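**Q** Would you mind keeping the following structure in view while I ask a few things?
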Amino acid sequence: MFLTYLGTVTKELISWMRGHESSVFSISVHASGRYAITTSSDTAQLWDLDTFQRKRKLNILQSVGIQKVFFLPLSNTILSCFKDNSIFAWECDTLFCKYQLPPPPESSSILYKVFAVTRDGRILAAGGKSNHLHLWCLEAKQLFRIIQMPTKVRAIRYLEFLPDSFDAGSNQPPPPLVKVIEDLPKSKLSSGDMKMKVTSGRVQRPAKSRENQIQTRILKQDLTGHFENKENELSDGLNKKRLQILLKGYGEYPTKYRMFIWRSLLQLPENHTAFSSLIDKGIHVAFLNLQKKYPIKSTKLLRVLQRTLSALAHWSAIFSDTPYLPLLAFPFVKLFQNNQLICFEVVATLIINWCQHWFEYFPNPPINILSMIENILAFHDKELLQHFRDHDITSQVYAWPLLETVFSEVLTREEWLKLFDNVFSNHPSFLLLTVVAYNICSRAPLLNCSLKDDFEYFFHHRNNLDISVVIREVYHLMDTTPADIHPDNMLDVFVALTKGQYPVFNQYPKFIVDYQTQERERIRNDELDYLRERQTVENMQAEVDQQRVEDEAWYQKQELLRKAEETRREMLLQEEEKMIQQRQRLAAVKRELKVKEMHLQEAARRRFLKLQQDQREMELRRLEDEIERKVHMRDQEMASAVKDLEMRHLELEAQKRLYEKNLTRNQETVAKEIREDVDAYRRKVNLEEHTFHRLIEMDQTQNQKTQKLIEENLAKAEQACLNTDWQIQALHKQRCDDLQRNECYQEMAKLLQKNRRKEIEVLNAMMEKEAKKWEEAEEKDFRLKSEKKASALSDASRQWFLEKEINDALEHTEGPRCQYEQVASSCLPRTSPGSDVSEVDASTWISLNQRKIQWDTMEQDLLERVRNLRQRLTAQARNSCQTPHLLAT
């Protein structure tokens with residue numbers, strides 16, 4: 001489904017809109033002309049006529065159809081009516097649901113088909129297939145009247161509210177003006193004139209044209225000219241000259257077509273986009289408190305006046321500071337209150353053309369314009385002007401009040417409309433001449449006035465004066481005023497507003513307006529500060545009052561609480577007496593329960609003690625078994641240790657025999673080598689034997705230390721196991737066991753110290769013996785040095801190599817051993833090469849036999865001491881194990 005948008009002037013297609021799937025049966029346009037709503041059976045769509053784009057779409061269920069959707073006049077409210085009689089009101093800008101009308105009573109329930117709204121948007125009439133008509137009050141949102149039509153009426157097909165004659169048709173577009181020119185019969189025509197019959201009426205329904213009022217007048221045709229003069233042709237097909245002729249003949253335009261003619265005369269461009277941009281800026285700050293200075297009863301009229309003045313102030317900055325602008329615009333706002341665009345453009349056109357040069361002396365009145373009026377008055381009525389001068393009445397008293405209010409204060413509505421029919425149809429100077437004519441026609445009462453207050457009252461109130469006489473006087477002044485003082489030569493001709501955008505209006509002293517704007521802004525800020533401070537003081541006062549009220553309420557509440565507390569205290573006393581009695585009974589019951597509880601506890605305690613005794617007996621038996629098991633294990637370990645010692649002894653014996661065998665073999669070998677090479681071989685045997693015995697000593701010492709450490713660790717481990725078992729089972733005997741262990745340890749430490757001292761004595765004796773032997777060997781070696789120096793040097797180098805190896809092997813031994821080796825190593829290189837071979841062999845054999853005997857003796861002593869120590873440790877361990885057993889039994 002397509003919607004076409006055609007231009008009324010060009011008759012051309014401007015745009016087409018697509019969106020409906022079914023036929024459109026209703027179109028509603030917003031008062032500003034910016035939005036439109038199209039309605040079909042299944043949907044309603046809101047269109048933006050500036051961009052020709054769809055803004056919103058209303059979708060409904062198939063079971064609920066749309067009856068009608070339309071804009072309410074003079075508001076931004078959309079009314080949607082559905083086929084189930086539900087009526088909703090929506091906000092145009094936000095599409096927020098404002099309210100829903102309640103359902104009608106069941107006694108008069110009808111299906112709404114047709115609707116009509118009054119021009120003020122307050123009353124909604126709804127009808128349908130019934131003879132009942134419902135009237136809804138949209139402000140109260142309720143049904144306030146039901147009108148019953150005659151019984152012959154079965155359905156209502158169309159509803160419309162008749163316009164009020166006072167509105168002058170300004171809230172609806174004028175019907176098309178039809179001109180029908182009929183030639184009269186030739187017998188009724190004179191020879192030089194051509195007469196025409198002009199009728200006005202509607203094109204629709206020609207059969208009912210008799211209901212319309214027909215106006216007929218005989219006009220003369222200008223045979224020398226043309227019917228159309230291009231300079232006087234208006235945009236709507238009207239001719240300005242013909243309208244002036246009609247105006248002079250009737251004195252005013254038809255009320256029904258006045259607004260249409262005015263719009264044509266002023267050539268209003270109807271710039272919807274530009275006007276919407278001005279309106280969208282909101283209310284100007286200069287007119288926020290307009291109702292305080294001009295209290296208007298009608299809130300709608302006040303709102304339209306505020307919007308119009310704000311649009312003018314946004315258009316040009318001077319209008320925000322013009323004090324008489326509300327007086328100038330108010331009659332037009334009241335006349336065009338249902339079409340704000342037309343109202344704004346009429347006022348703007350009036351300011352541009354009929355208010356020329358008014359703002360050159362701003363903020364003072366237009367002195368140049370008032371001088372022109374005074375010059376014209378001086379020419380036509382010097383006596384009246386002299387009367388004004390005699391009483392100090394200037395043009396600001398007798399002329400400026402009429403201009404700044406455009407005669408709205410001194411004329412009635414009909415007179416004012418009649419006057420502006422002539423003003424808009426003539427040159428802009430017509431308004432200035434009207435001021436002069438008004439004074440001339442009122443010269444009689446003015447000449448009788450002598451006080452300034454009387455003059456001011458006269459020009460601010462209505463007077464008994466015929467406006468037709470004033471208008472005729474104006475036309476007379478236009479014809480008789482000399483050209484040098486005639487306003488036509490000083491004022492420009494009529495200029496219409498430009499289409500699309502409004503012209504720039506800057507015919508005023510900008511620096512004064514800017515200064516006043518700054519001052520006004522400063523004063524406004526100061527006023528806002530004062531209002532904020534006053535509001536703060538009022539808030540503080542309100543808080544103080546509120547606090548006082550709260551304090552009073554608190555004191556009253558406290559009094560009530562005190563009384564309630566006394567009442568509750570009495571109740572508590574009574575309850576306490578009852579509670580005491582109950583506690584006494586409860587105490588007796590508790591005593592009985594306590595006795596029973598004690599008996600039960602005694603029985604439970606006995607049972608628990610018996611159970612604990614049984615557990616302890618079982619634990620003691622378990623400990624005895626564990627002790628016997630550990631004693632048996634310890635005996636086995638000791639027996640195995642004894643066997644190990646015996647095996648070690650056997651190993652030592654076997655090693656001893658091996659050593660003896662090796663010594664014997666070495667001695668035989670040495671004897672052979674001595675016979676072959678006595679000097680060299682003896683030295684070699686001595687060194688090898690010395691090295692061999694040192695290694696044997698190191699091995700035996702290390703084995704003895706390892707054996708001691710193993711035995712001590714074994715004794716400590718066995719003692720620790722016994723102590724741990726005893727600590728777990730018999731904690732109170734721990735100190736005794738600790739003392740016994742300490743004594744054992746001390747005795748073992750003493751034995752170890754004795755053994756160490758004896759070992760040191762043996763080592764020292766051996767070292768002394770060896771030192772002596774080495775001294776003898778040195779003496780003998782000294783003898784051999786002279787004979788075998790070369791052999792001694794080679795032997796010394798080989799001996800140095802053997803010493804190095806021995807030192808590396810002895811790094812892990814203890815101090816005494818190291819001292820012994822150092823003595824031996826220090827003595828080794830001291831050989832006496834001067835001694836003979838027999839002495840060296842004898843001394844070496846003696847030293848080896850002596851060392852063998854000493855080592856055998858030391859080994860037997862040590863083994864005996866170790867055996868005695870093991871026996872003592874075993875006896876102590878057995879005694880310590882038997883002690884807890886005896887205590888347990």
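Following the order of the structure tokens, chains are lettered A, B, ..., residues in each are numbered from 1, and ligands are numbered from 1.
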I'd like the neighbourhood of stretch 642-655 of chain A as number ranges by chain, where a residue qualifies if any of its atoms comes within 12 Å (using only C-alpha atoms), though same-chain residues fewer than 5 positions away should be ignored.

**A** A: 635-637, 660-662, 696, 699-700, 703-704, 707-708, 710-711, 855-856, 859-860, 862-864, 866-868, 870-871, 874

**Q** Determine which residues of stretch 286-315 of chain A DSSP labels as alpha helix (DSSP H) from the backbone of this structure, then write them out as a PyMOL selection string.

**A** chain A and resi 290-293+299-315

**Q** Do you know which residues are at most 8 Å from stretch 79-90 of chain A counting only C-alpha atoms, after dropping those on the same chain fewer than 5 positions away, and could you put them as a list in words?

**A**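 Near neighbours after the sequence-gap exclusion: Val64, Gly65, Ile66, Gln67, Lys68, Val69, Phe70, Phe71, Leu72, Leu95, Phe96, Cys97, Lys98, Tyr99, Gln100, Leu101, Pro102, Pro103, Leu111 and Tyr112 of chain A.
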
**Q** Atom CA of A:Pro363 and atom CA of A:Val397 are how many Å apart?

**A**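 It comes out at 16.5 Å.
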
**Q** Go ahead and compute the interatomic distance for atom CA of A:Arg242 and atom CA of A:Leu265, in Å to one decimal.

**A**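 Atom CA of A:Leu265 lies 11.8 Å from atom CA of A:Arg242.
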
**Q** What does the distance from atom CA of A:Gln667 to atom CA of A:Leu793 come to in Å, to one decimal?

**A** 24.7 Å
